[in-house]
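*Asks:* Below is the file query-v7.txt, with compact mmCIF, N, CA and C atoms.
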# COMPACT_ATOMS: atom_id res chain seq x y z
N MET X 1 16.91 6.50 -11.41
CA MET X 1 16.44 5.33 -10.70
C MET X 1 17.41 4.17 -10.92
N ASP X 2 17.88 4.01 -12.15
CA ASP X 2 18.82 2.93 -12.44
C ASP X 2 20.07 3.03 -11.58
N LYS X 3 20.60 4.24 -11.46
CA LYS X 3 21.82 4.44 -10.68
C LYS X 3 21.58 4.11 -9.21
N VAL X 4 20.43 4.51 -8.68
CA VAL X 4 20.11 4.22 -7.27
C VAL X 4 20.07 2.71 -7.05
N VAL X 5 19.42 1.99 -7.96
CA VAL X 5 19.31 0.54 -7.83
C VAL X 5 20.69 -0.11 -7.91
N GLU X 6 21.52 0.36 -8.83
CA GLU X 6 22.85 -0.23 -9.02
C GLU X 6 23.75 -0.05 -7.80
N ILE X 7 23.73 1.11 -7.17
CA ILE X 7 24.66 1.38 -6.07
C ILE X 7 24.04 1.19 -4.69
N SER X 8 22.81 0.76 -4.61
CA SER X 8 22.11 0.68 -3.33
C SER X 8 22.53 -0.48 -2.46
N GLY X 9 23.11 -1.52 -3.05
CA GLY X 9 23.51 -2.68 -2.26
C GLY X 9 22.34 -3.57 -1.90
N LEU X 10 21.28 -3.51 -2.69
CA LEU X 10 20.13 -4.37 -2.43
C LEU X 10 20.51 -5.83 -2.58
N GLY X 11 20.00 -6.68 -1.69
CA GLY X 11 20.34 -8.10 -1.72
C GLY X 11 19.36 -8.92 -2.55
N ASP X 12 19.66 -10.22 -2.63
CA ASP X 12 18.83 -11.13 -3.41
C ASP X 12 17.41 -11.25 -2.87
N LYS X 13 17.21 -10.99 -1.59
CA LYS X 13 15.88 -11.14 -0.99
C LYS X 13 15.09 -9.84 -0.99
N THR X 14 15.62 -8.80 -1.56
CA THR X 14 14.94 -7.52 -1.63
C THR X 14 13.89 -7.57 -2.72
N PHE X 15 12.66 -7.16 -2.38
CA PHE X 15 11.59 -7.13 -3.39
C PHE X 15 11.73 -5.86 -4.21
N LEU X 16 11.72 -6.02 -5.50
CA LEU X 16 11.66 -4.90 -6.42
C LEU X 16 10.58 -5.19 -7.46
N PRO X 17 9.80 -4.20 -7.82
CA PRO X 17 8.80 -4.40 -8.87
C PRO X 17 9.49 -4.81 -10.17
N ASP X 18 8.77 -5.56 -11.01
CA ASP X 18 9.32 -6.03 -12.27
C ASP X 18 9.86 -4.89 -13.12
N ALA X 19 9.17 -3.76 -13.13
CA ALA X 19 9.62 -2.64 -13.96
C ALA X 19 10.97 -2.11 -13.50
N VAL X 20 11.24 -2.14 -12.20
CA VAL X 20 12.52 -1.66 -11.69
C VAL X 20 13.61 -2.66 -12.04
N LYS X 21 13.32 -3.96 -11.87
CA LYS X 21 14.31 -4.99 -12.23
C LYS X 21 14.65 -4.87 -13.71
N ALA X 22 13.65 -4.71 -14.54
CA ALA X 22 13.87 -4.58 -15.98
C ALA X 22 14.63 -3.30 -16.30
N GLY X 23 14.40 -2.24 -15.54
CA GLY X 23 15.01 -0.95 -15.80
C GLY X 23 16.51 -0.94 -15.66
N VAL X 24 17.06 -1.89 -14.90
CA VAL X 24 18.50 -1.97 -14.75
C VAL X 24 19.14 -2.41 -16.07
N HIS X 25 18.40 -3.19 -16.86
CA HIS X 25 18.94 -3.75 -18.09
C HIS X 25 18.35 -3.15 -19.36
N LYS X 26 17.19 -2.54 -19.27
CA LYS X 26 16.55 -1.93 -20.44
C LYS X 26 15.65 -0.80 -19.97
N PRO X 27 15.24 0.09 -20.85
CA PRO X 27 14.38 1.21 -20.44
C PRO X 27 13.05 0.72 -19.84
N VAL X 28 12.59 1.44 -18.85
CA VAL X 28 11.34 1.10 -18.17
C VAL X 28 10.20 1.92 -18.76
N GLU X 29 9.08 1.26 -18.99
CA GLU X 29 7.89 1.97 -19.44
C GLU X 29 7.15 2.44 -18.19
N VAL X 30 7.34 3.70 -17.85
CA VAL X 30 6.75 4.27 -16.65
C VAL X 30 5.39 4.84 -17.01
N THR X 31 4.33 4.13 -16.60
CA THR X 31 2.97 4.58 -16.86
C THR X 31 2.15 4.46 -15.59
N MET X 32 1.05 5.16 -15.57
CA MET X 32 0.14 5.04 -14.42
C MET X 32 -0.38 3.61 -14.31
N ALA X 33 -0.69 2.98 -15.45
CA ALA X 33 -1.21 1.61 -15.44
C ALA X 33 -0.19 0.65 -14.83
N ASN X 34 1.07 0.77 -15.21
CA ASN X 34 2.10 -0.10 -14.65
C ASN X 34 2.31 0.17 -13.16
N SER X 35 2.30 1.43 -12.79
CA SER X 35 2.46 1.79 -11.37
C SER X 35 1.30 1.25 -10.54
N ARG X 36 0.09 1.38 -11.06
CA ARG X 36 -1.08 0.86 -10.34
C ARG X 36 -0.99 -0.66 -10.22
N ALA X 37 -0.62 -1.34 -11.29
CA ALA X 37 -0.53 -2.80 -11.26
C ALA X 37 0.50 -3.27 -10.22
N GLU X 38 1.65 -2.61 -10.17
CA GLU X 38 2.67 -2.97 -9.19
C GLU X 38 2.20 -2.68 -7.76
N THR X 39 1.58 -1.54 -7.58
CA THR X 39 1.09 -1.18 -6.25
C THR X 39 0.02 -2.15 -5.78
N GLU X 40 -0.91 -2.49 -6.66
CA GLU X 40 -1.96 -3.43 -6.29
C GLU X 40 -1.40 -4.81 -5.99
N LEU X 41 -0.39 -5.24 -6.74
CA LEU X 41 0.25 -6.52 -6.47
C LEU X 41 0.76 -6.57 -5.03
N VAL X 42 1.44 -5.50 -4.62
CA VAL X 42 2.00 -5.45 -3.26
C VAL X 42 0.88 -5.35 -2.23
N MET X 43 -0.06 -4.43 -2.43
CA MET X 43 -1.14 -4.23 -1.45
C MET X 43 -1.97 -5.48 -1.27
N PHE X 44 -2.42 -6.06 -2.37
CA PHE X 44 -3.31 -7.21 -2.29
C PHE X 44 -2.62 -8.41 -1.65
N SER X 45 -1.34 -8.63 -1.98
CA SER X 45 -0.65 -9.78 -1.37
C SER X 45 -0.45 -9.56 0.13
N CYS X 46 -0.18 -8.31 0.54
CA CYS X 46 -0.02 -8.01 1.97
C CYS X 46 -1.33 -8.24 2.73
N VAL X 47 -2.43 -7.75 2.18
CA VAL X 47 -3.72 -7.91 2.86
C VAL X 47 -4.12 -9.38 2.89
N GLU X 48 -3.90 -10.11 1.78
CA GLU X 48 -4.21 -11.55 1.76
C GLU X 48 -3.43 -12.27 2.84
N ARG X 49 -2.14 -11.98 2.95
CA ARG X 49 -1.30 -12.63 3.96
C ARG X 49 -1.78 -12.28 5.37
N LEU X 50 -2.15 -11.02 5.60
CA LEU X 50 -2.67 -10.61 6.90
C LEU X 50 -3.94 -11.38 7.25
N LEU X 51 -4.86 -11.48 6.31
CA LEU X 51 -6.12 -12.18 6.56
C LEU X 51 -5.87 -13.67 6.83
N GLU X 52 -4.96 -14.27 6.08
CA GLU X 52 -4.64 -15.68 6.30
C GLU X 52 -4.04 -15.91 7.68
N ARG X 53 -3.10 -15.07 8.07
CA ARG X 53 -2.40 -15.25 9.35
C ARG X 53 -3.29 -14.99 10.55
N THR X 54 -4.23 -14.06 10.42
CA THR X 54 -5.08 -13.71 11.56
C THR X 54 -6.38 -14.50 11.59
N GLY X 55 -6.75 -15.11 10.46
CA GLY X 55 -8.02 -15.83 10.39
C GLY X 55 -9.22 -14.91 10.24
N LEU X 56 -8.97 -13.63 10.00
CA LEU X 56 -10.06 -12.68 9.80
C LEU X 56 -10.58 -12.75 8.37
N LYS X 57 -11.81 -12.30 8.20
CA LYS X 57 -12.37 -12.12 6.86
C LYS X 57 -12.28 -10.62 6.54
N ALA X 58 -12.29 -10.29 5.27
CA ALA X 58 -12.22 -8.88 4.87
C ALA X 58 -13.39 -8.10 5.44
N THR X 59 -14.52 -8.75 5.62
CA THR X 59 -15.70 -8.07 6.17
C THR X 59 -15.57 -7.79 7.66
N ASP X 60 -14.56 -8.36 8.32
CA ASP X 60 -14.33 -8.09 9.74
C ASP X 60 -13.60 -6.77 9.98
N ILE X 61 -13.01 -6.21 8.94
CA ILE X 61 -12.22 -4.99 9.08
C ILE X 61 -13.15 -3.78 9.13
N ASP X 62 -12.93 -2.93 10.13
CA ASP X 62 -13.76 -1.75 10.33
C ASP X 62 -13.17 -0.48 9.71
N ALA X 63 -11.83 -0.41 9.64
CA ALA X 63 -11.17 0.78 9.08
C ALA X 63 -9.90 0.36 8.35
N LEU X 64 -9.62 1.08 7.28
CA LEU X 64 -8.46 0.78 6.45
C LEU X 64 -7.72 2.09 6.16
N ILE X 65 -6.42 2.09 6.43
CA ILE X 65 -5.59 3.26 6.14
C ILE X 65 -4.45 2.80 5.23
N VAL X 66 -4.39 3.37 4.04
CA VAL X 66 -3.33 3.05 3.09
C VAL X 66 -2.47 4.29 2.91
N ASN X 67 -1.18 4.12 3.02
CA ASN X 67 -0.23 5.22 2.96
C ASN X 67 0.76 4.97 1.83
N ASN X 68 0.92 5.94 0.94
CA ASN X 68 1.93 5.91 -0.10
C ASN X 68 2.48 7.32 -0.22
N THR X 69 3.78 7.48 -0.14
CA THR X 69 4.34 8.82 -0.05
C THR X 69 4.25 9.62 -1.34
N SER X 70 4.16 8.94 -2.50
CA SER X 70 4.21 9.73 -3.74
C SER X 70 3.15 9.38 -4.77
N PHE X 71 2.76 8.14 -4.89
CA PHE X 71 1.83 7.70 -5.94
C PHE X 71 0.40 7.95 -5.48
N ASN X 72 -0.36 8.74 -6.25
CA ASN X 72 -1.70 9.15 -5.83
C ASN X 72 -2.69 8.97 -6.98
N PRO X 73 -3.09 7.73 -7.28
CA PRO X 73 -3.98 7.50 -8.42
C PRO X 73 -5.45 7.71 -8.06
N VAL X 74 -6.28 7.75 -9.10
CA VAL X 74 -7.73 7.80 -8.93
C VAL X 74 -8.29 6.63 -9.71
N PRO X 75 -9.15 5.79 -9.15
CA PRO X 75 -9.62 5.77 -7.76
C PRO X 75 -8.47 5.51 -6.78
N SER X 76 -8.74 5.83 -5.52
CA SER X 76 -7.70 5.79 -4.50
C SER X 76 -7.23 4.36 -4.22
N LEU X 77 -6.08 4.26 -3.58
CA LEU X 77 -5.52 2.96 -3.23
C LEU X 77 -6.40 2.23 -2.23
N SER X 78 -6.95 2.96 -1.25
CA SER X 78 -7.83 2.29 -0.28
C SER X 78 -9.11 1.81 -0.96
N ALA X 79 -9.62 2.56 -1.93
CA ALA X 79 -10.81 2.12 -2.67
C ALA X 79 -10.51 0.84 -3.44
N ALA X 80 -9.30 0.72 -3.98
CA ALA X 80 -8.92 -0.50 -4.70
C ALA X 80 -8.92 -1.70 -3.77
N VAL X 81 -8.40 -1.52 -2.54
CA VAL X 81 -8.38 -2.63 -1.57
C VAL X 81 -9.80 -3.00 -1.15
N VAL X 82 -10.61 -2.00 -0.84
CA VAL X 82 -12.00 -2.25 -0.44
C VAL X 82 -12.74 -3.00 -1.53
N HIS X 83 -12.58 -2.57 -2.76
CA HIS X 83 -13.27 -3.20 -3.89
C HIS X 83 -12.74 -4.63 -4.13
N HIS X 84 -11.43 -4.79 -4.13
CA HIS X 84 -10.83 -6.10 -4.42
C HIS X 84 -11.26 -7.17 -3.41
N PHE X 85 -11.30 -6.78 -2.14
CA PHE X 85 -11.62 -7.74 -1.08
C PHE X 85 -13.10 -7.74 -0.69
N LYS X 86 -13.89 -6.95 -1.40
CA LYS X 86 -15.33 -6.87 -1.15
C LYS X 86 -15.63 -6.62 0.33
N MET X 87 -14.96 -5.59 0.86
CA MET X 87 -15.19 -5.21 2.25
C MET X 87 -16.57 -4.59 2.39
N ARG X 88 -17.00 -4.43 3.64
CA ARG X 88 -18.33 -3.88 3.91
C ARG X 88 -18.44 -2.47 3.35
N LYS X 89 -19.67 -2.06 3.04
CA LYS X 89 -19.90 -0.72 2.50
C LYS X 89 -19.64 0.37 3.54
N ASP X 90 -19.72 0.03 4.83
CA ASP X 90 -19.51 1.02 5.87
C ASP X 90 -18.08 1.04 6.42
N VAL X 91 -17.14 0.33 5.76
CA VAL X 91 -15.76 0.36 6.21
C VAL X 91 -15.22 1.79 6.03
N ARG X 92 -14.53 2.27 7.06
CA ARG X 92 -13.93 3.60 6.97
C ARG X 92 -12.58 3.45 6.28
N SER X 93 -12.42 4.09 5.14
CA SER X 93 -11.18 3.93 4.39
C SER X 93 -10.53 5.28 4.14
N PHE X 94 -9.21 5.29 4.28
CA PHE X 94 -8.43 6.51 4.13
C PHE X 94 -7.21 6.22 3.27
N THR X 95 -6.90 7.12 2.36
CA THR X 95 -5.68 7.03 1.58
C THR X 95 -4.86 8.27 1.86
N LEU X 96 -3.64 8.07 2.31
CA LEU X 96 -2.72 9.17 2.58
C LEU X 96 -1.64 9.12 1.52
N CYS X 97 -1.67 10.05 0.59
CA CYS X 97 -0.70 10.06 -0.51
C CYS X 97 -0.15 11.47 -0.72
N GLY X 98 1.05 11.52 -1.24
CA GLY X 98 1.65 12.79 -1.61
C GLY X 98 2.13 13.63 -0.45
N MET X 99 2.25 13.05 0.74
CA MET X 99 2.68 13.82 1.90
C MET X 99 4.10 13.48 2.33
N GLY X 100 4.78 12.63 1.58
CA GLY X 100 6.12 12.23 1.95
C GLY X 100 6.11 11.37 3.20
N CYS X 101 7.22 11.38 3.90
CA CYS X 101 7.39 10.53 5.07
C CYS X 101 6.45 10.89 6.22
N ALA X 102 5.98 12.12 6.26
CA ALA X 102 5.09 12.54 7.34
C ALA X 102 3.79 11.74 7.37
N ALA X 103 3.39 11.19 6.24
CA ALA X 103 2.14 10.43 6.18
C ALA X 103 2.20 9.19 7.07
N SER X 104 3.38 8.62 7.27
CA SER X 104 3.49 7.44 8.14
C SER X 104 3.10 7.78 9.57
N VAL X 105 3.56 8.92 10.05
CA VAL X 105 3.22 9.36 11.40
C VAL X 105 1.73 9.67 11.49
N ILE X 106 1.19 10.30 10.46
CA ILE X 106 -0.24 10.62 10.44
C ILE X 106 -1.06 9.34 10.43
N ALA X 107 -0.63 8.33 9.68
CA ALA X 107 -1.36 7.05 9.62
C ALA X 107 -1.40 6.38 10.99
N VAL X 108 -0.28 6.40 11.71
CA VAL X 108 -0.24 5.81 13.05
C VAL X 108 -1.17 6.58 13.98
N ASP X 109 -1.14 7.91 13.91
CA ASP X 109 -2.04 8.72 14.74
C ASP X 109 -3.50 8.45 14.42
N MET X 110 -3.81 8.33 13.14
CA MET X 110 -5.20 8.04 12.73
C MET X 110 -5.66 6.71 13.30
N ALA X 111 -4.81 5.69 13.17
CA ALA X 111 -5.17 4.36 13.69
C ALA X 111 -5.38 4.44 15.21
N ARG X 112 -4.48 5.13 15.90
CA ARG X 112 -4.62 5.28 17.35
C ARG X 112 -5.92 5.98 17.72
N ASP X 113 -6.23 7.07 17.01
CA ASP X 113 -7.45 7.83 17.29
C ASP X 113 -8.71 7.00 17.03
N ILE X 114 -8.70 6.22 15.96
CA ILE X 114 -9.86 5.36 15.66
C ILE X 114 -10.03 4.32 16.76
N LEU X 115 -8.92 3.71 17.18
CA LEU X 115 -9.00 2.69 18.23
C LEU X 115 -9.40 3.29 19.58
N ASN X 116 -8.95 4.51 19.88
CA ASN X 116 -9.33 5.16 21.13
C ASN X 116 -10.80 5.55 21.14
N SER X 117 -11.31 6.00 20.00
CA SER X 117 -12.70 6.45 19.95
C SER X 117 -13.69 5.31 19.78
N SER X 118 -13.23 4.19 19.25
CA SER X 118 -14.11 3.04 19.02
C SER X 118 -13.38 1.76 19.43
N PRO X 119 -13.42 1.44 20.73
CA PRO X 119 -12.76 0.21 21.18
C PRO X 119 -13.34 -1.00 20.45
N ASN X 120 -12.57 -2.05 20.36
CA ASN X 120 -12.95 -3.30 19.68
C ASN X 120 -13.13 -3.12 18.18
N THR X 121 -12.47 -2.11 17.64
CA THR X 121 -12.50 -1.87 16.20
C THR X 121 -11.27 -2.54 15.59
N ARG X 122 -11.43 -3.08 14.40
CA ARG X 122 -10.30 -3.68 13.69
C ARG X 122 -9.83 -2.70 12.62
N VAL X 123 -8.60 -2.22 12.78
CA VAL X 123 -8.02 -1.25 11.86
C VAL X 123 -6.81 -1.88 11.17
N VAL X 124 -6.77 -1.77 9.85
CA VAL X 124 -5.62 -2.20 9.08
C VAL X 124 -4.97 -0.95 8.51
N SER X 125 -3.68 -0.79 8.76
CA SER X 125 -2.95 0.36 8.25
C SER X 125 -1.63 -0.12 7.70
N PHE X 126 -1.30 0.31 6.49
CA PHE X 126 -0.01 -0.09 5.93
C PHE X 126 0.52 0.94 4.96
N LEU X 127 1.83 0.86 4.77
CA LEU X 127 2.57 1.74 3.85
C LEU X 127 2.98 0.91 2.65
N VAL X 128 2.63 1.40 1.48
CA VAL X 128 3.09 0.79 0.22
C VAL X 128 3.87 1.87 -0.49
N ASP X 129 5.16 1.67 -0.59
CA ASP X 129 5.96 2.70 -1.25
C ASP X 129 7.17 2.08 -1.90
N PHE X 130 7.41 2.45 -3.11
CA PHE X 130 8.59 2.05 -3.85
C PHE X 130 8.76 2.99 -5.01
N PHE X 131 9.46 2.60 -6.02
CA PHE X 131 9.81 3.49 -7.13
C PHE X 131 8.61 3.74 -8.03
N SER X 132 7.71 4.62 -7.62
CA SER X 132 6.54 4.97 -8.43
C SER X 132 6.82 6.30 -9.12
N PRO X 133 6.13 6.57 -10.27
CA PRO X 133 6.35 7.85 -10.92
C PRO X 133 5.77 8.99 -10.11
With the file now loaded, output its structure as structure tokens.
*Replies:*
Amino acid sequence: MDKVVEISGLGDKTFLPDAVKAGVHKPVEVTMANSRAETELVMFSCVERLLERTGLKATDIDALIVNNTSFNPVPSLSAAVVHHFKMRKDVRSFTLCGMGCAASVIAVDMARDILNSSPNTRVVSFLVDFFSP
């Protein structure tokens, strides 16, 4: 991971989790707890920004699709978002993990199918992926 970061040509505006930044200069403590904390930091800030920009409340969201190609914790990432934002109990939530890049295509198809089958539905779908164990 250190070598990839060093030779990648990442710029000053590139977001990297604290553990990755630290890993360039010292060993990284790779744990599930650290990976979850970094993932939640990214997910929660993205959803907060989305809600602020659109003027929606978390309870207005009807379906949530979270995609991560490799990190697959329990409880799921979508459950963490639902719980953190106190979304409705009937929100349809999906976590697509461990499927590699194909999950992005599946997430888009899922969102399309939900919108086609239930017009006027609000679906949030996003990919959170970075250097996770």
*Asks:* Identify all residues of stretch 57-107 of chain X in strand (DSSP E) (DSSP on the backbone) and supply them as a PyMOL selection string.
*Replies:* chain X and resi 63-68+92-97
*Asks:* Among chain X, which ones does DSSP assign to helix (DSSP H, G or I) (computed from the backbone)? Answer as a VMD selection string.
*Replies:* chain X and resid 2 to 7 18 to 25 32 to 54 58 to 60 77 to 84 102 to 117
*Asks:* Set the distance at 6.5 Å and use all atoms listed in the file: which residues neighbour X:Ala63 once local chain neighbours fewer than 4 positions away are removed? I'd like the list as an NGL selection string.
*Replies:* :X and (91-94 or 121-125)
*Asks:* Interatomic distance between atom CA of X:Ala107 and atom N of X:Asn67?
*Replies:*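 Computed distance, atom CA of X:Ala107 to atom N of X:Asn67, equals 7.2 Å.
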*Asks:* So how far away is atom CA of X:Asn72 from atom CA of X:Gly98, in Å?
*Replies:*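 If I compute the distance from atom CA of X:Gly98 to atom CA of X:Asn72, I get 6.5 Å.
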*Asks:* Considering only C-alpha atoms, return as a list of chain:residue names whatever protein or nucleic-acid residues lie within 9 Å of stretch 50-58 of chain X, sequence-local ones (same chain, fewer than 5 positions apart) excluded.
*Replies:*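 The contact residues come out as X:Ser45, X:Val82, X:Phe85, X:Lys86, X:Met87, X:Arg88.
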*Asks:* Could you tell me how far atom N of X:Ala37 lies from atom CA of X:Phe126, in Å and to one decimal?
*Replies:* 17.3 Å
*Asks:* Pick from X:Leu127, X:Leu10, X:Val4, X:Val42: nearest to X:Val66, with only C-alpha atoms counted?
*Replies:* X:Leu127
